[in-house]
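Structure record follows, encoded as C-alpha cells.
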There are 2 protein chains.
Amino acid sequence: MAKAPHNAISPTRSEDYAEWYQQVVRAADMAETSPVRGCMVIKPWGYAFWENIQKNMDAMFKATGHVNAYFPLFIPKSFLEKEAEHVEGFAKECAVVTHHRLEAGPDGGLVPGGELEEPLVVRPTSETIIGAQYAKWVQSYRDLPILINQWANVVRWELRTRLFLRTTEFLWQEGHTAHETEKEAWEETYKILEVYRDFAEQHLAMPVLTGVKTPSQRFPGAVETLCIEAMMQDRKALQAGTSHFLGQNFAKASGIQYQSREGTLEHAWTTSWGTSTRLVGGAIMTHADDDGMVMPPRLAPSHVVILPIFRKDEERAASIEYAEGIAAALRKLDTPWGGKVEVIVDRRDVNAGEKGWEWVKKGIPVRVEVGPRDIANNAVFVARRDRGPKEKYGQGREEFIAGLPALLGEMQDALLARATAYREEFTQDIDAYADLMHYFTPVNVEKPEMHGGFAMCHWCGDAACEDKIAEELSVTIRCVPFDREKSGTGKCIVCSKESPGRVPFAKAY
Amino acid sequence: MAKAPHNAISPTRSEDYAEWYQQVVRAADMAETSPVRGCMVIKPWGYAFWENIQKNMDAMFKATGHVNAYFPLFIPKSFLEKEAEHVEGFAKECAVVTHHRLEAGPDGGLVPGGELEEPLVVRPTSETIIGAQYAKWVQSYRDLPILINQWANVVRWELRTRLFLRTTEFLWQEGHTAHETEKEAWEETYKILEVYRDFAEQHLAMPVLTGVKTPSQRFPGAVETLCIEAMMQDRKALQAGTSHFLGQNFAKASGIQYQSREGTLEHAWTTSWGTSTRLVGGAIMTHADDDGMVMPPRLAPSHVVILPIFRKDEERAASIEYAEGIAAALRKLDTPWGGKVEVIVDRRDVNAGEKGWEWVKKGIPVRVEVGPRDIANNAVFVARRDRGPKEKYGQGREEFIAGLPALLGEMQDALLARATAYREEFTQDIDAYADLMHYFTPVNVEKPEMHGGFAMCHWCGDAACEDKIAEELSVTIRCVPFDREKSGTGKCIVCSKESPGRVPFAKAY
C-alpha cells in the first residue's frame with residue numbers, strides 16, 4: 001500500500017523545489033499556463049491578490065505625488081532604436097506586429113495582410129513612447145516635474161518561462177518621471193526604492209536587501225539601477241523591483257528639453273521604475289509551505305473562511321446561520337491596516353475535510369469551523385494558516401471576533417519575522433574562493449536545489465572578478481548594498497584587491 | 001479688431017461639433033493622439049475619470065457575484081477561426097504579431113526576425129482565448145456558473161479614429177460567463193444590461209435607451225446583443241455598452257461541455273459583455289459645453305478646487321491658509337455616494353483668471369475663490385460647473401462646507417435631468433418616409449451637424465426595410481426597445497406592413 005501523503009503539496013519543497021512551486025500555484029488556483037506560449041492565465045484567486053497589490057501600491061504612489069496615465073501598447077521600431085543600449089537590450093525578445101488584418105490566403109486559410117510601413121513592437125517597457133509625449137509636454141522648467149505611473153501589460157519574448165516569475169506577457173506598473181535637476185531625479189529614484197522596500201516588507205512580508213546594481217545588471221540605457229532583492233525558500237535571489245536613474249540619456253534620445261530658470265535650453269533628468277506580477281511569485285516562494293499558499297493577511301483576497309460543519313441535514317441550517325452571524329460581525333471590523341475584514345462563508349455541499357484542505361492550499365489566513373457542538377458552546381474552532389494545518393484551537397465566539405484584527409496583525413508580523421530569520425540563516429560571510437565554490441556547487445550536498453544562499457563576499461568592483469564568478473558558478477552580485485561599508489573593508493574574493501565592503505552573491509531567478 | 005471670444009472653447013458646438021469635441025478633450029487635458037496611428041494617450045485627468053468609472057463599475061460587478069481574472073493578450077489565429085462569424089467580424093481590423101525579435105537586416109537597420117509558426121492576433125475581444133480555458137475548467141454542472149470579468153486593453157485596427165470614441169487601442173472590461181441553462185445565461189445577459197443602464201444613468205448621468213440590436217448590428221457570433229444607447233449633443237446615438245447572449249455558439253466552438261444533472265454531456269450557455277473608454281467620450285459629448293468639460297460629480301477625479309486669490313504678496317499666506325482650512329474641513333465629508341470629498345487647493349503662481357478658466361475647462365464640479373474680502377467675512381465665492389462660468393455667488397464658509405455634499409448630489413441630478421430633457425426634446429415620432437428623409441437630410445437645415453435626433457418609427461422587422469434606410473439616410477435602428485409595444489402598433493415606415501411598435505432610428509458614432 002502506498003504511504004499516505006503527509007502534506008497537501010507533492011512534491012515538497014525539499015523533494016523538488018521547482019515542481020513544488022508549480023504545484024502550489026495550481027493547488028492555490030492562482031494561475032495556469034495558456035495555449036499561447038509563455039503567456040499565463042491569472043485565475044480569480046491569484047488576480048484578487050494582484051488587485052490588492054495594485055490597490056495598496058497605487059495608494060503609496062499617490063501619497064508620494066504621482067498620478068496615473070495610459071500610453072500606447074505599440075512602439076514604432078524607430079522609437080526603440082533611439083537609445084542604442086536600450087534597443088540592444090530589448091530587440092532580441094520582442095513581439096513584432098507587422099500586419100493589420102487577416103485575409104484569405106492562396107490555400108483558403110487566413111494569412112496576415114495589410115503590411116505596415118513600419119513594424120510595431122508590443123511594449124517591453126515604455127521609456128521611448130512615453131518620452132516622445134514628455135518631449136511635447138515640457139517646454140519650461142515650470143512644466144517639471146512630471147510624475148506619472150502606468151499600470152499596464154508588457155511583453156518580453158522569453159524562452160524559459162515560469163508562472164508569475166518569468167512570463168512572455170506580464171502585468172506591471174511602470175513609473176516615468178522627468179525633472180529639472182539631476183539631484184531631484186536622484187531623490188525620486190531613491191524615494192521610489194523606499195516605497196518598494198516598504199511595500200515588500202510591510203505588505204508582502206517579504207524582507208529585501210536594497211542597493212545598486214553592478215553595471216552588468218543595469219537596465220539597458222540607465223545610468224544606475226537601484227533594486228530590492230529578496231531570498232526565496234530555495235535560497236535563490238529574486239529581483240523584486242527596480243528604480244532607474246536614467247540621467248539625461250532618454251531625454252536626449254526623445255528630445256525632452258526645457259527652458260531653464262536662467263533661460264538656457266536643457267535636457268530633463270528622468271527616472272523609471274517598475275514592479276510586476278513577479279511579486280505574486282515572490283510572495284508564493286517566500287511564504288508558501290508544503291501544504292500550499294500562505295497569504296500575507298495584509299494582501300489576502302479574503303481574511304477568514306468559515307466552514308459550517310454538519311452531519312445531518314437538520315443541522316445544516318443552524319450551522320449556516322451561526323456561520324453567517326459570525327461573518328456579519330467580522331465584516332464590521334477594520335483590519336489593522338484599514339479596510340474591512342473580508343469573510344467567506346463556504347456553504348458548498350462538499351465534504352468538510354476536502355473543503356478545509358482547499359482553503360489551506362489557497363492560503364487564506366484564518367479558517368473557522370463551526371458545528372453543532374460549537375453552536376451549543378457559543379464557540380468556534382480556529383486554525384491559523386501560519387501554523388500546521390492540524391493545529392486548531394477552540395475559542396469563545398465573542399473572544400474570537402474581538403481578537404480577529406489583532407490576530408491578522410500578529411500573523412503578518414510573524415510571516416515577516418519568519419522570512420527574515422530564514423534569510424539570515426542562509427546568509428553568510430565567505431572569504432575564500434574555494435569556500436564560495438563549495439557553497440554554490442550542488443554536487444557537494446545532498447539536496448542540491450536547497451543549497452547555497454546569500455554569500456556576503458568582498459569584491460574589488462572589477463567586472464572581471466564579477467564575470468569570473470558568474471561564469472564558473474552561475475552566481476551574480478545581486479546588488480551593492482547601500483550600507484556596504486558597515487561590513488568593513490577586506491580583500492576581493494577573486495583577485496584579493498582592496499574591497500570597501502561585502503556584497504551579496506547568489507543564484508537568482 | 002477681432003471680436004473677443006465669448007466661450008473658452010472655439011469652435012462652439014453649433015459652429016463645428018466634431019472640432020468642438022476635439023478641443024474639449026484637449027482643453028480639459030484628458031487625452032491626445034499619439035505617434036502610433038489610431039492609439040491615444042490618456043492623460044492624468046482623463047485617466048483619473050476612467051479609474052473612477054472602473055472603481056464604481058467594478059464594485060457593481062462584484063456585488064452581482066463576478067470576480068476578475070486575466071487572460072493572454074495574444075490569440076492564436078486558429079482560435080479566432082473557430083467561430084466563423086466571429087473571425088469574419090474581426091479579421092479585417094486586427095494587429096497581427098508575426099515575429100518575436102528584431103534583428104540586423106541587410107542594410108544594417110533592424111528588421112523583424114524569428115518568424116512565428118502561427119501568427120498571433122492582438123486580442124480584439126477574448127471570447128475564443130477565454131473559451132479555451134473554460135473548456136478545461138468545466139467538467140460538471142457543479143463547475144457552473146463561471147462569472148468572470150477582465151479589465152484589459154484591446155486592439156481593433158480602425159481607419160477613422162476619434163479620441164475615446166473610436167481608437168485602435170482602447171481600454172475596456174469584458175465579462176465572460178458560462179452557465180448550465182439557457183435561462184440562466186439569458187438572466188445574466190439582462191442582469192448585466194441593467195448594471196450598465198444603472199451605471200450610465202446614476203454614475204455618468206447619461207440617460208440611455210435599452211433594447212435588443214437588430215441582426216445586422218449584432219456582435220459577430222452572438223445569438224442576441226442587448227445594448228444601451230445614449231444621445232450625444234449633436235443628436236447622434238452612441239452605443240455605450242453591449243451584453244451578448246451567445247447561446248451555445250462559442251461553447252461549441254471552444255468545446256465547453258459539462259456533465260449534466262442527468263448524466264448527459266451538454267454544451268454550456270455563455271454570455272459576454274463590455275464597456276470601454278468610449279464611456280469617457282460619451283460623458284464628454286453628453287455634458288461638456290462651450291466652455292469645456294463638465295464632470296458628473298459622482299465620477300469626477302476631484303469635486304472641488306479652491307483658488308486662493310491675492311493681489312499683494314503679504315495676502316498670499318493668509319489666502320492659502322484659509323483655503324487649506326476649508327479643504328481640510330471638506331475632506332472629512334462623505335459624498336452622497338460614499339467615499340470622501342476630494343479637494344484640490346491650486347496654489348500655483350498663475351494669474352487667478354487663467355487658473356479659474358483652466359478648471360472650468362477641466363469640468364471640476366465646484367470652484368471656490370477665497371480672497372482677502374472673503375477671509376474678512378468668513379465667506380467663500382462659489383461657482384457650480386453646471387451653470388455659466390460667470391454665475392458665482394457668495395456664501396458663508398460654514399454654510400458652504402455643510403452644504404457641499406448636497407450640492408454635489410443636486411448637480412449630479414441636474415446633469416441627468418438636463419441630458420434627459422435634451423434627449424426628449426430631440427426624440428420624435430415620425431410616420432411618413434418623406435418626413436424621415438427631411439429629418440435626417442442636412443441640406444434642409446441651417447446647421448446640418450445639429451440636425452436630426454432619435455426618430456421613433458414603426459418597423460415591420462424586415463432587414464430589407466432597415467437596409468433601405470441605412471443606405472439612403474445613413475441612419476440605423478439603434479435597438480428594438482424592450483418596451484416597444486407601449487408605443488402601440490402601426491405600419492412600417494418603409495413598406496407599410498404591420499409593426500408591433502416604434503423603434504429609434506438615428507445616426508450613430
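Following the order of the C-alpha cells, first chain is A, next is B, and so on, with residues numbered from 1 inside each chain and ligands from 1 in the order they appear.
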Looking only at alpha helix (DSSP H) from DSSP on the backbone, list the matching residues of segment 247-355 of chain A as a ChimeraX atom specification.
/A:249-254,278-287,313-331,352-355
Would you list which chain A residues are within 6 Å of chain B using only C-alpha atoms, as number ranges by chain?
A: 39, 41-44, 47, 68-72, 91-97, 99-102
So that I can see what lies close to Gly501 of chain A, please list as a PyMOL selection string the residues with an atom at most 10 Å from it, counting only C-alpha atoms and leaving out residues fewer than 6 positions away in the same chain.
chain A and resi 456-460+480-481+483-492
Separation of atom CA of Lys468 of chain A from atom CA of Met231 of chain A, in Å and rounded to one decimal:
22.8 Å
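Going from atom CA of Tyr258 of chain B over to atom CA of Val138 of chain B, you cover 6.0 Å.
Picture a line from atom CA of Ala414 of chain A to atom CA of Arg387 of chain A; it runs 10.3 Å.
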Pull the strand (DSSP E or B) assignments for segment 37-187 of chain B out of DSSP run on the backbone, and list those residues as a ChimeraX atom specification.
/B:40-42,67-68,70,74-76,96-104,110-122,140,146-155,162,166,169-179
Near Pro336 of chain B, counting only C-alpha atoms, which residues have an atom at most 8 Å away, once you skip same-chain residues fewer than 4 positions from it, shown as number ranges by chain?
B: 405-406, 408-409
For Glu85 of chain B, please output as a list of chain:residue names all residues within 12 Å (counting only C-alpha atoms; exclusion window: fewer than 2 positions along the same chain).
B:Leu80, B:Glu81, B:Lys82, B:Glu83, B:Val87, B:Glu88, B:Gly89, B:Phe90, B:Ala91, B:Arg218, B:Phe219, B:Pro220, B:Gly221, B:Ala222, B:Val223, B:Leu246, B:Asn249, B:Phe250, B:Ala253
Contact table segment 384-442 of chain B vs segment 278-290 of chain B, cut-off 9 Å, shortest pair per residue, only C-alpha atoms, as JSON lines:
{"residue": "B:Asp386", "atom": "CA", "partner": "B:His287", "partner_atom": "CA", "distance": 8.8}
{"residue": "B:Leu415", "atom": "CA", "partner": "B:His287", "partner_atom": "CA", "distance": 7.2}
{"residue": "B:Arg418", "atom": "CA", "partner": "B:His287", "partner_atom": "CA", "distance": 8.9}
{"residue": "B:Ala419", "atom": "CA", "partner": "B:Thr286", "partner_atom": "CA", "distance": 6.7}
12 Å contact set for Leu307 of chain B, only C-alpha atoms, chain neighbours under 5 positions out, as a ChimeraX atom specification
/B:316,319-324,326-327,343-359,366-371,374,380-383
